[in-house]
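Q: Sharing target.cif here; it has mmCIF, C-alpha atoms.
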```cif
data_model
#
loop_
_atom_site.label_atom_id
_atom_site.label_comp_id
_atom_site.auth_asym_id
_atom_site.auth_seq_id
_atom_site.Cartn_x
_atom_site.Cartn_y
_atom_site.Cartn_z
CA GLY A 1 6.07 18.05 7.97
CA ALA A 2 5.17 15.11 10.15
CA GLY A 3 3.80 12.93 7.38
CA VAL A 4 3.90 12.31 3.65
CA SER A 5 2.15 15.11 1.82
CA GLN A 6 0.54 14.66 -1.59
CA SER A 7 -1.02 17.23 -3.87
CA PRO A 8 -3.49 17.75 -5.29
CA SER A 9 -5.84 15.56 -3.25
CA ASN A 10 -8.24 15.37 -6.18
CA LYS A 11 -7.69 15.94 -9.88
CA VAL A 12 -10.19 15.76 -12.71
CA THR A 13 -8.70 15.97 -16.16
CA GLU A 14 -9.81 15.52 -19.72
CA LYS A 15 -8.68 12.52 -21.71
CA GLY A 16 -5.48 13.33 -23.57
CA LYS A 17 -4.24 15.97 -21.12
CA ASP A 18 -1.03 15.65 -19.10
CA VAL A 19 -1.11 15.63 -15.29
CA GLU A 20 1.52 16.05 -12.59
CA LEU A 21 1.13 14.60 -9.12
CA ARG A 22 3.38 15.73 -6.30
CA CYS A 23 4.74 13.91 -3.25
CA ASP A 24 6.63 15.48 -0.36
CA PRO A 25 8.10 12.65 1.75
CA ILE A 26 9.02 12.60 5.42
CA SER A 27 12.27 14.45 5.96
CA GLY A 28 15.23 12.09 6.14
CA HIS A 29 13.47 9.14 4.52
CA THR A 30 15.77 7.77 1.85
CA ALA A 31 13.23 5.66 -0.04
CA LEU A 32 10.19 6.92 -1.93
CA TYR A 33 7.56 4.81 -3.67
CA TRP A 34 4.61 5.42 -5.96
CA TYR A 35 1.67 3.01 -6.03
CA ARG A 36 -1.66 3.04 -7.80
CA GLN A 37 -4.90 1.79 -6.24
CA SER A 38 -7.89 1.10 -8.42
CA LEU A 39 -11.37 0.24 -7.15
CA GLY A 40 -11.45 -3.35 -5.96
CA GLN A 41 -7.76 -3.81 -6.65
CA GLY A 42 -4.78 -3.98 -4.39
CA LEU A 43 -1.96 -1.51 -4.53
CA GLU A 44 -0.03 -1.72 -7.78
CA PHE A 45 3.66 -0.79 -7.59
CA LEU A 46 4.76 1.89 -10.05
CA ILE A 47 8.24 3.19 -9.23
CA TYR A 48 10.79 3.23 -6.38
CA PHE A 49 13.57 5.73 -5.57
CA GLN A 50 16.31 4.82 -3.10
CA GLY A 51 18.88 7.47 -2.28
CA ASN A 52 21.09 8.26 -5.25
CA SER A 53 20.57 4.89 -6.94
CA ALA A 54 18.86 4.54 -10.30
CA PRO A 55 15.10 4.25 -9.73
CA ASP A 56 13.27 0.94 -10.12
CA LYS A 57 10.79 1.75 -12.88
CA SER A 58 9.65 -1.82 -13.42
CA GLY A 59 6.04 -1.11 -12.40
CA LEU A 60 5.32 1.78 -14.76
CA PRO A 61 2.48 0.55 -17.01
CA SER A 62 3.48 2.46 -20.14
CA ASP A 63 5.88 5.08 -21.45
CA ARG A 64 3.20 7.70 -20.75
CA PHE A 65 4.16 7.42 -17.09
CA SER A 66 7.35 8.96 -15.69
CA ALA A 67 8.59 10.17 -12.33
CA GLU A 68 11.46 12.11 -10.94
CA ARG A 69 12.77 12.88 -7.50
CA THR A 70 14.65 16.14 -7.12
CA GLY A 71 17.36 16.58 -4.51
CA GLY A 72 16.47 13.31 -2.87
CA SER A 73 13.24 14.78 -1.56
CA VAL A 74 10.14 15.87 -3.47
CA SER A 75 8.90 13.60 -6.25
CA THR A 76 6.63 14.26 -9.20
CA LEU A 77 4.70 11.58 -11.09
CA THR A 78 3.75 12.67 -14.60
CA ILE A 79 1.14 10.99 -16.76
CA GLN A 80 1.08 12.13 -20.36
CA ARG A 81 -1.92 11.88 -22.70
CA THR A 82 -4.14 10.55 -19.92
CA GLN A 83 -6.59 7.73 -20.65
CA GLN A 84 -9.72 6.74 -18.76
CA GLU A 85 -8.02 3.61 -17.46
CA ASP A 86 -5.54 5.87 -15.65
CA SER A 87 -8.33 6.86 -13.23
CA ALA A 88 -7.25 5.66 -9.79
CA VAL A 89 -5.85 6.81 -6.48
CA TYR A 90 -2.13 7.44 -6.73
CA LEU A 91 -0.37 6.85 -3.43
CA CYS A 92 3.11 7.93 -2.44
CA ALA A 93 5.03 6.44 0.47
CA SER A 94 8.42 6.98 2.04
CA SER A 95 10.52 4.91 4.39
CA PRO A 96 13.83 5.07 6.23
CA ASP A 97 16.54 2.52 5.48
CA ALA A 98 14.49 -0.26 7.05
CA GLY A 99 10.97 -0.64 8.29
CA GLY A 100 7.50 -0.19 6.91
CA TYR A 101 6.33 2.61 4.72
CA THR A 102 4.41 5.74 5.67
CA PHE A 103 1.82 6.56 3.03
CA GLY A 104 0.32 9.86 2.05
CA SER A 105 -3.44 10.26 1.63
CA GLY A 106 -3.16 9.96 -2.13
CA THR A 107 -4.28 11.87 -5.20
CA ARG A 108 -7.61 10.74 -6.62
CA LEU A 109 -7.30 11.09 -10.39
CA THR A 110 -10.39 11.04 -12.59
CA VAL A 111 -10.01 11.13 -16.36
CA VAL A 112 -13.18 12.16 -18.17
CA GLN B 1 -2.30 -16.67 -9.99
CA LYS B 2 -1.50 -13.62 -7.89
CA GLU B 3 1.60 -13.68 -5.70
CA VAL B 4 -0.51 -12.66 -2.69
CA GLU B 5 -4.09 -13.81 -2.18
CA GLN B 6 -6.45 -12.15 0.27
CA ASP B 7 -10.18 -12.66 0.69
CA PRO B 8 -11.80 -9.31 -0.12
CA GLY B 9 -14.75 -9.89 2.22
CA PRO B 10 -16.74 -7.98 3.22
CA LEU B 11 -16.47 -9.29 6.76
CA SER B 12 -18.92 -8.14 9.44
CA VAL B 13 -18.55 -9.08 13.10
CA PRO B 14 -20.17 -7.84 16.33
CA GLU B 15 -18.30 -5.50 18.62
CA GLY B 16 -16.06 -7.33 21.06
CA ALA B 17 -15.50 -10.35 18.80
CA ILE B 18 -12.12 -11.68 17.77
CA VAL B 19 -11.37 -10.98 14.11
CA SER B 20 -9.10 -13.16 12.01
CA LEU B 21 -7.72 -11.84 8.71
CA ASN B 22 -5.51 -13.93 6.46
CA CYS B 23 -3.31 -13.92 3.39
CA THR B 24 -1.54 -16.64 1.46
CA TYR B 25 1.40 -16.14 -0.83
CA SER B 26 3.38 -18.09 -3.37
CA ASN B 27 6.84 -16.47 -3.35
CA SER B 28 9.05 -18.32 -0.87
CA ALA B 29 11.56 -15.43 -0.97
CA PHE B 30 9.23 -13.18 1.04
CA GLN B 31 10.63 -12.56 4.51
CA TYR B 32 9.11 -9.25 5.60
CA PHE B 33 5.41 -9.14 6.31
CA MET B 34 3.20 -6.19 7.07
CA TRP B 35 -0.41 -5.38 7.80
CA TYR B 36 -1.87 -2.03 6.87
CA ARG B 37 -5.20 -0.50 7.81
CA GLN B 38 -6.90 1.82 5.37
CA TYR B 39 -9.85 4.03 6.20
CA SER B 40 -12.03 5.35 3.42
CA ARG B 41 -10.32 8.06 1.36
CA LYS B 42 -7.13 7.78 3.40
CA GLY B 43 -3.74 6.25 2.71
CA PRO B 44 -2.83 2.88 4.26
CA GLU B 45 -1.48 3.04 7.81
CA LEU B 46 1.13 0.53 9.01
CA LEU B 47 -0.22 -1.66 11.83
CA MET B 48 2.23 -4.52 12.17
CA TYR B 49 5.68 -5.26 10.76
CA THR B 50 7.26 -8.70 11.21
CA TYR B 51 10.29 -10.53 9.92
CA SER B 52 10.29 -14.26 9.10
CA SER B 53 8.08 -16.73 10.97
CA GLY B 54 6.55 -16.27 14.40
CA ASN B 55 4.14 -14.09 16.31
CA LYS B 56 4.15 -10.43 17.19
CA GLU B 57 1.70 -8.75 19.53
CA ASP B 58 0.88 -5.05 19.86
CA GLY B 59 -2.05 -4.19 22.08
CA ARG B 60 -5.19 -5.77 20.66
CA PHE B 61 -3.39 -6.84 17.49
CA THR B 62 -1.42 -10.05 16.90
CA ALA B 63 0.36 -10.90 13.66
CA GLN B 64 1.32 -14.47 12.85
CA VAL B 65 3.58 -15.70 10.07
CA ASP B 66 3.89 -19.35 9.03
CA LYS B 67 6.48 -19.44 6.26
CA SER B 68 6.25 -23.22 5.89
CA SER B 69 2.61 -22.83 4.86
CA LYS B 70 3.09 -19.42 3.20
CA TYR B 71 0.28 -18.10 5.35
CA ILE B 72 0.01 -14.96 7.46
CA SER B 73 -2.72 -13.81 9.83
CA LEU B 74 -3.79 -10.75 11.74
CA PHE B 75 -5.95 -11.17 14.84
CA ILE B 76 -7.86 -8.30 16.41
CA ARG B 77 -9.11 -8.88 19.96
CA ASP B 78 -12.00 -7.00 21.56
CA SER B 79 -12.88 -5.47 18.21
CA GLN B 80 -14.21 -1.92 18.20
CA PRO B 81 -16.34 0.00 15.68
CA SER B 82 -13.25 2.16 15.05
CA ASP B 83 -11.54 -0.97 13.68
CA SER B 84 -13.92 -0.86 10.71
CA ALA B 85 -11.64 -0.37 7.70
CA THR B 86 -9.94 -2.24 4.88
CA TYR B 87 -6.99 -4.35 6.00
CA LEU B 88 -4.17 -4.98 3.53
CA CYS B 89 -1.40 -7.51 3.87
CA ALA B 90 1.93 -6.74 2.23
CA MET B 91 5.27 -8.47 1.93
CA SER B 92 8.74 -8.24 0.46
CA ALA B 93 11.88 -10.30 0.13
CA ARG B 94 14.18 -7.60 1.51
CA GLY B 95 13.59 -4.96 4.13
CA ASN B 96 13.64 -1.86 2.01
CA GLU B 97 12.14 -2.61 -1.36
CA LYS B 98 8.82 -2.57 -3.13
CA LEU B 99 6.00 -4.36 -1.39
CA THR B 100 3.56 -6.81 -2.92
CA PHE B 101 0.07 -6.21 -1.54
CA GLY B 102 -3.03 -8.29 -1.17
CA THR B 103 -6.27 -6.79 -2.47
CA GLY B 104 -7.48 -6.00 1.05
CA THR B 105 -10.32 -7.25 3.27
CA ARG B 106 -13.10 -4.84 4.12
CA LEU B 107 -14.04 -5.24 7.79
CA THR B 108 -17.08 -3.82 9.56
CA ILE B 109 -17.51 -4.03 13.34
CA ILE B 110 -21.17 -3.85 14.27
CA PRO B 111 -21.91 -1.95 17.53
#
```
Is it possible to express this structure as structure tokens?

A:
Amino acid sequence: GAGVSQSPSNKVTEKGKDVELRCDPISGHTALYWYRQSLGQGLEFLIYFQGNSAPDKSGLPSDRFSAERTGGSVSTLTIQRTQQEDSAVYLCASSPDAGGYTFGSGTRLTVV
Amino acid sequence: QKEVEQDPGPLSVPEGAIVSLNCTYSNSAFQYFMWYRQYSRKGPELLMYTYSSGNKEDGRFTAQVDKSSKYISLFIRDSQPSDSATYLCAMSARGNEKLTFGTGTRLTIIP
């Protein structure tokens, strides 16, 4: 597609359940990023994939969070045993070798 | 102290005014500077991308970077109601790595 696609756009889950968020980047973009945006906060870096290199996981807030990128394209962010503080908008972005990111519209996660 | 500081606003200005948005930062390694615009319930959209110090102009938008002062600005001329959004500054040390964002400034242009 022409842009970064994220699904679902909204997700409501019960505390303690696992969730999977999907990102389909722009074709040919080598880098893929996950960020989290909470109300009144800036974007918080979570994880970064670049080509075949080992991902930069330095932003993942706990071991309940993990992500993978299959075949250098689609990425899935998994949150296990969700907590209420995980409620946020999860944004995915992709970029070519250089230049600014293109973001998706995000997945709004609500943990009840 | 946050690496990137940005006044959250809100900022309201009349249509046609010049808008000035600013960020300060503490990491002298930052060399790549960006401004994003984010409409409600949408992802951020890249507006301006600059490297090192200097000015860059694109239509009604001008980005300025002063690395000696660790200060960046975005100017919007002839502001329009459609410019009403949250504006986020972002920066990185290298061209293709994670960005550090400001918290965003919410701007409203009053018709």

Q: So which residues touch B:Tyr87 within 7 Å, counting all atoms listed in the file, skipping near sequence neighbours fewer than 2 positions away, as an mmCIF file with C-alpha atoms, in the coordinates of the input?

A:
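Below is the file part-v1.cif, written as the result:
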```cif
data_model
loop_
_atom_site.group_PDB
_atom_site.id
_atom_site.type_symbol
_atom_site.label_atom_id
_atom_site.label_comp_id
_atom_site.auth_asym_id
_atom_site.auth_seq_id
_atom_site.Cartn_x
_atom_site.Cartn_y
_atom_site.Cartn_z
ATOM 1 C CA TRP B 35 -0.410 -5.380 7.800
ATOM 2 C CA TYR B 36 -1.870 -2.030 6.870
ATOM 3 C CA ARG B 37 -5.200 -0.500 7.810
ATOM 4 C CA GLN B 38 -6.900 1.820 5.370
ATOM 5 C CA ALA B 85 -11.640 -0.370 7.700
ATOM 6 C CA CYS B 89 -1.400 -7.510 3.870
ATOM 7 C CA GLY B 104 -7.480 -6.000 1.050
ATOM 8 C CA THR B 105 -10.320 -7.250 3.270
ATOM 9 C CA ARG B 106 -13.100 -4.840 4.120
#
```

Q: Just to confirm, what's the straight-line distance from atom CA of B:Tyr49 to atom CA of A:Thr70 in Å (one decimal)?

A: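 Atom CA of B:Tyr49 sits 29.3 Å away from atom CA of A:Thr70.
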
Q: With only C-alpha atoms as the atoms that count, which of A:Leu21, A:Gly40, A:Gly3, A:Gly28 lies nearest to B:Thr86?

A: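 Going through A:Leu21, A:Gly40, A:Gly3, A:Gly28 one by one, the smallest distance to B:Thr86 is for A:Gly40.
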
Q: Kindly resolve the PyMOL selection byres ((chain A and resi 71) around 12) on the present coordinates and return the residues as a count of residues only.

A: 17

Q: Pick out the closest residue to B:Asn27 from this set: B:Ser40, B:Ile76, B:Ser92, B:Asp7. Count all atoms listed in the file.

A: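 With all atoms listed in the file as the atom set, the closest residue is B:Ser92.
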
Q: As a check of understanding, name the residues that the PyMOL selection byres ((chain B) within 6 of (chain A)) selects in the supplied structure, as a PyMOL selection string.

A: chain B and resi 42-43+95-96+101-103

Q: Calculate how many Å separate atom CA of B:Val13 from atom CA of B:Gly59, rounding to one decimal.

A: 19.4 Å

Q: Between atom CA of B:Lys56 and atom CA of B:Pro111, what distance in Å does the model show, to one decimal?

A: 27.4 Å

Q: Which polymer residues have any atom within 6 Å of an atom of A:Leu77, counting only C-alpha atoms, with same-chain residues fewer than 5 positions away left out, as a short mmCIF file (atom, residue, chain, number, x, y, z; two decimals) with C-alpha atoms, in the frame of the given file?

A:
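Here's the written file result.cif:
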```
data_model
loop_
_atom_site.label_atom_id
_atom_site.label_comp_id
_atom_site.auth_asym_id
_atom_site.auth_seq_id
_atom_site.Cartn_x
_atom_site.Cartn_y
_atom_site.Cartn_z
CA GLU A 20 1.52 16.05 -12.59
CA LEU A 21 1.13 14.60 -9.12
CA SER A 66 7.35 8.96 -15.69
CA ALA A 67 8.59 10.17 -12.33
#
```

Q: Can you pull out the residues contacting B:Pro81? Cut-off 10 Å, using all atoms listed in the file, and skip same-chain residues under 2 positions away; I want them as an NGL selection string.

A: :B and (13-16 or 79 or 83-85 or 107-111)

Q: Evaluated on this file, the PyMOL selection byres ((chain B and resi 18) around 6) picks out some residues - which ones are they, written as a ChimeraX atom specification?

A: /B:17,19,76-77

Q: For A:Gln83, which residue out of A:Ser58, A:Thr13, A:Ser38, A:Ser53 is the nearest one, using only C-alpha atoms?

A: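 Answer, going by the shortest atom-to-atom distance: A:Thr13.
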
Q: Can you tell me, as an mmCIF file with C-alpha atoms, keeping the file's coordinate frame, which residues sit within 8 Å of (-4.5, 6.5, -13.0) in the file's frame, using only C-alpha atoms?

A:
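Written file, point_36.cif:
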```cif
data_model
loop_
_atom_site.group_PDB
_atom_site.id
_atom_site.type_symbol
_atom_site.label_atom_id
_atom_site.label_comp_id
_atom_site.auth_asym_id
_atom_site.auth_seq_id
_atom_site.Cartn_x
_atom_site.Cartn_y
_atom_site.Cartn_z
ATOM 1 C CA ARG A 36 -1.660 3.040 -7.800
ATOM 2 C CA SER A 38 -7.890 1.100 -8.420
ATOM 3 C CA GLN A 84 -9.720 6.740 -18.760
ATOM 4 C CA GLU A 85 -8.020 3.610 -17.460
ATOM 5 C CA ASP A 86 -5.540 5.870 -15.650
ATOM 6 C CA SER A 87 -8.330 6.860 -13.230
ATOM 7 C CA ALA A 88 -7.250 5.660 -9.790
ATOM 8 C CA VAL A 89 -5.850 6.810 -6.480
ATOM 9 C CA TYR A 90 -2.130 7.440 -6.730
ATOM 10 C CA LEU A 109 -7.300 11.090 -10.390
ATOM 11 C CA THR A 110 -10.390 11.040 -12.590
ATOM 12 C CA VAL A 111 -10.010 11.130 -16.360
#
```

Q: For each of A:Ser5, A:Asn10, A:Lys15, A:Phe65, take the minimum atom-to-atom distance to A:Val112, counting all atoms listed in the file, then give the residue where this is smallest.

A: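 Counting all atoms listed in the file, the residue closest to A:Val112 is A:Lys15.
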
Q: With distances taken over only C-alpha atoms, which residue among B:Glu5, B:Glu97, B:Asp58, B:Glu45 lies nearest B:Leu21?

A: B:Glu5

Q: Assuming the input is short of atoms at stretch 63-74 of chain A, produce all heavy atoms for that part as a compact mmCIF listing (two decimals), keeping the file's coordinate frame.

A:
```txt
# COMPACT_ATOMS: atom_id res chain seq x y z
N ASP A 63 4.92 3.97 -21.36
CA ASP A 63 5.88 5.08 -21.45
C ASP A 63 5.18 6.43 -21.28
O ASP A 63 5.84 7.47 -21.33
CB ASP A 63 6.67 5.02 -22.76
CG ASP A 63 5.78 5.07 -23.98
OD1 ASP A 63 4.55 5.28 -23.83
OD2 ASP A 63 6.30 4.87 -25.09
N ARG A 64 3.88 6.44 -21.06
CA ARG A 64 3.20 7.70 -20.75
C ARG A 64 3.45 8.12 -19.30
O ARG A 64 3.18 9.26 -18.94
CB ARG A 64 1.69 7.57 -20.99
CG ARG A 64 1.31 7.30 -22.44
CD ARG A 64 -0.20 7.33 -22.63
NE ARG A 64 -0.89 6.28 -21.90
CZ ARG A 64 -1.60 6.46 -20.79
NH1 ARG A 64 -1.71 7.66 -20.25
NH2 ARG A 64 -2.21 5.43 -20.21
N PHE A 65 3.92 7.18 -18.51
CA PHE A 65 4.16 7.42 -17.09
C PHE A 65 5.65 7.68 -16.85
O PHE A 65 6.51 6.95 -17.37
CB PHE A 65 3.75 6.22 -16.24
CG PHE A 65 2.27 6.02 -16.13
CD1 PHE A 65 1.54 5.56 -17.21
CD2 PHE A 65 1.61 6.28 -14.95
CE1 PHE A 65 0.16 5.37 -17.11
CE2 PHE A 65 0.24 6.09 -14.82
CZ PHE A 65 -0.48 5.64 -15.91
N SER A 66 5.97 8.70 -16.08
CA SER A 66 7.35 8.96 -15.69
C SER A 66 7.34 9.61 -14.32
O SER A 66 6.32 10.13 -13.86
CB SER A 66 8.05 9.87 -16.70
OG SER A 66 7.41 11.13 -16.75
N ALA A 67 8.48 9.54 -13.65
CA ALA A 67 8.59 10.17 -12.33
C ALA A 67 10.01 10.62 -12.12
O ALA A 67 10.95 10.04 -12.67
CB ALA A 67 8.17 9.20 -11.23
N GLU A 68 10.14 11.66 -11.33
CA GLU A 68 11.46 12.11 -10.94
C GLU A 68 11.44 12.49 -9.46
O GLU A 68 10.39 12.76 -8.89
CB GLU A 68 11.91 13.29 -11.80
CG GLU A 68 11.06 14.54 -11.68
CD GLU A 68 11.60 15.68 -12.51
OE1 GLU A 68 12.41 15.44 -13.42
OE2 GLU A 68 11.22 16.82 -12.24
N ARG A 69 12.62 12.48 -8.90
CA ARG A 69 12.77 12.88 -7.50
C ARG A 69 13.94 13.85 -7.44
O ARG A 69 15.09 13.49 -7.72
CB ARG A 69 13.06 11.67 -6.61
CG ARG A 69 13.04 12.03 -5.13
CD ARG A 69 13.31 10.83 -4.26
NE ARG A 69 13.15 11.19 -2.85
CZ ARG A 69 13.51 10.40 -1.84
NH1 ARG A 69 14.03 9.21 -2.08
NH2 ARG A 69 13.33 10.80 -0.60
N THR A 70 13.64 15.08 -7.09
CA THR A 70 14.65 16.14 -7.12
C THR A 70 15.30 16.29 -5.75
O THR A 70 14.60 16.34 -4.71
CB THR A 70 14.02 17.47 -7.54
OG1 THR A 70 12.91 17.76 -6.68
CG2 THR A 70 13.53 17.39 -8.97
N GLY A 71 16.62 16.34 -5.74
CA GLY A 71 17.36 16.58 -4.51
C GLY A 71 17.13 15.55 -3.43
O GLY A 71 17.30 15.83 -2.23
N GLY A 72 16.72 14.36 -3.84
CA GLY A 72 16.47 13.31 -2.87
C GLY A 72 15.27 13.55 -1.98
O GLY A 72 15.11 12.89 -0.95
N SER A 73 14.40 14.48 -2.41
CA SER A 73 13.24 14.78 -1.56
C SER A 73 11.94 14.69 -2.36
O SER A 73 11.46 13.60 -2.62
CB SER A 73 13.40 16.17 -0.92
OG SER A 73 12.31 16.46 -0.08
N VAL A 74 11.44 15.82 -2.80
CA VAL A 74 10.14 15.87 -3.47
C VAL A 74 10.16 15.06 -4.76
O VAL A 74 11.15 15.04 -5.50
CB VAL A 74 9.76 17.33 -3.77
CG1 VAL A 74 8.51 17.41 -4.64
CG2 VAL A 74 9.56 18.10 -2.48
```
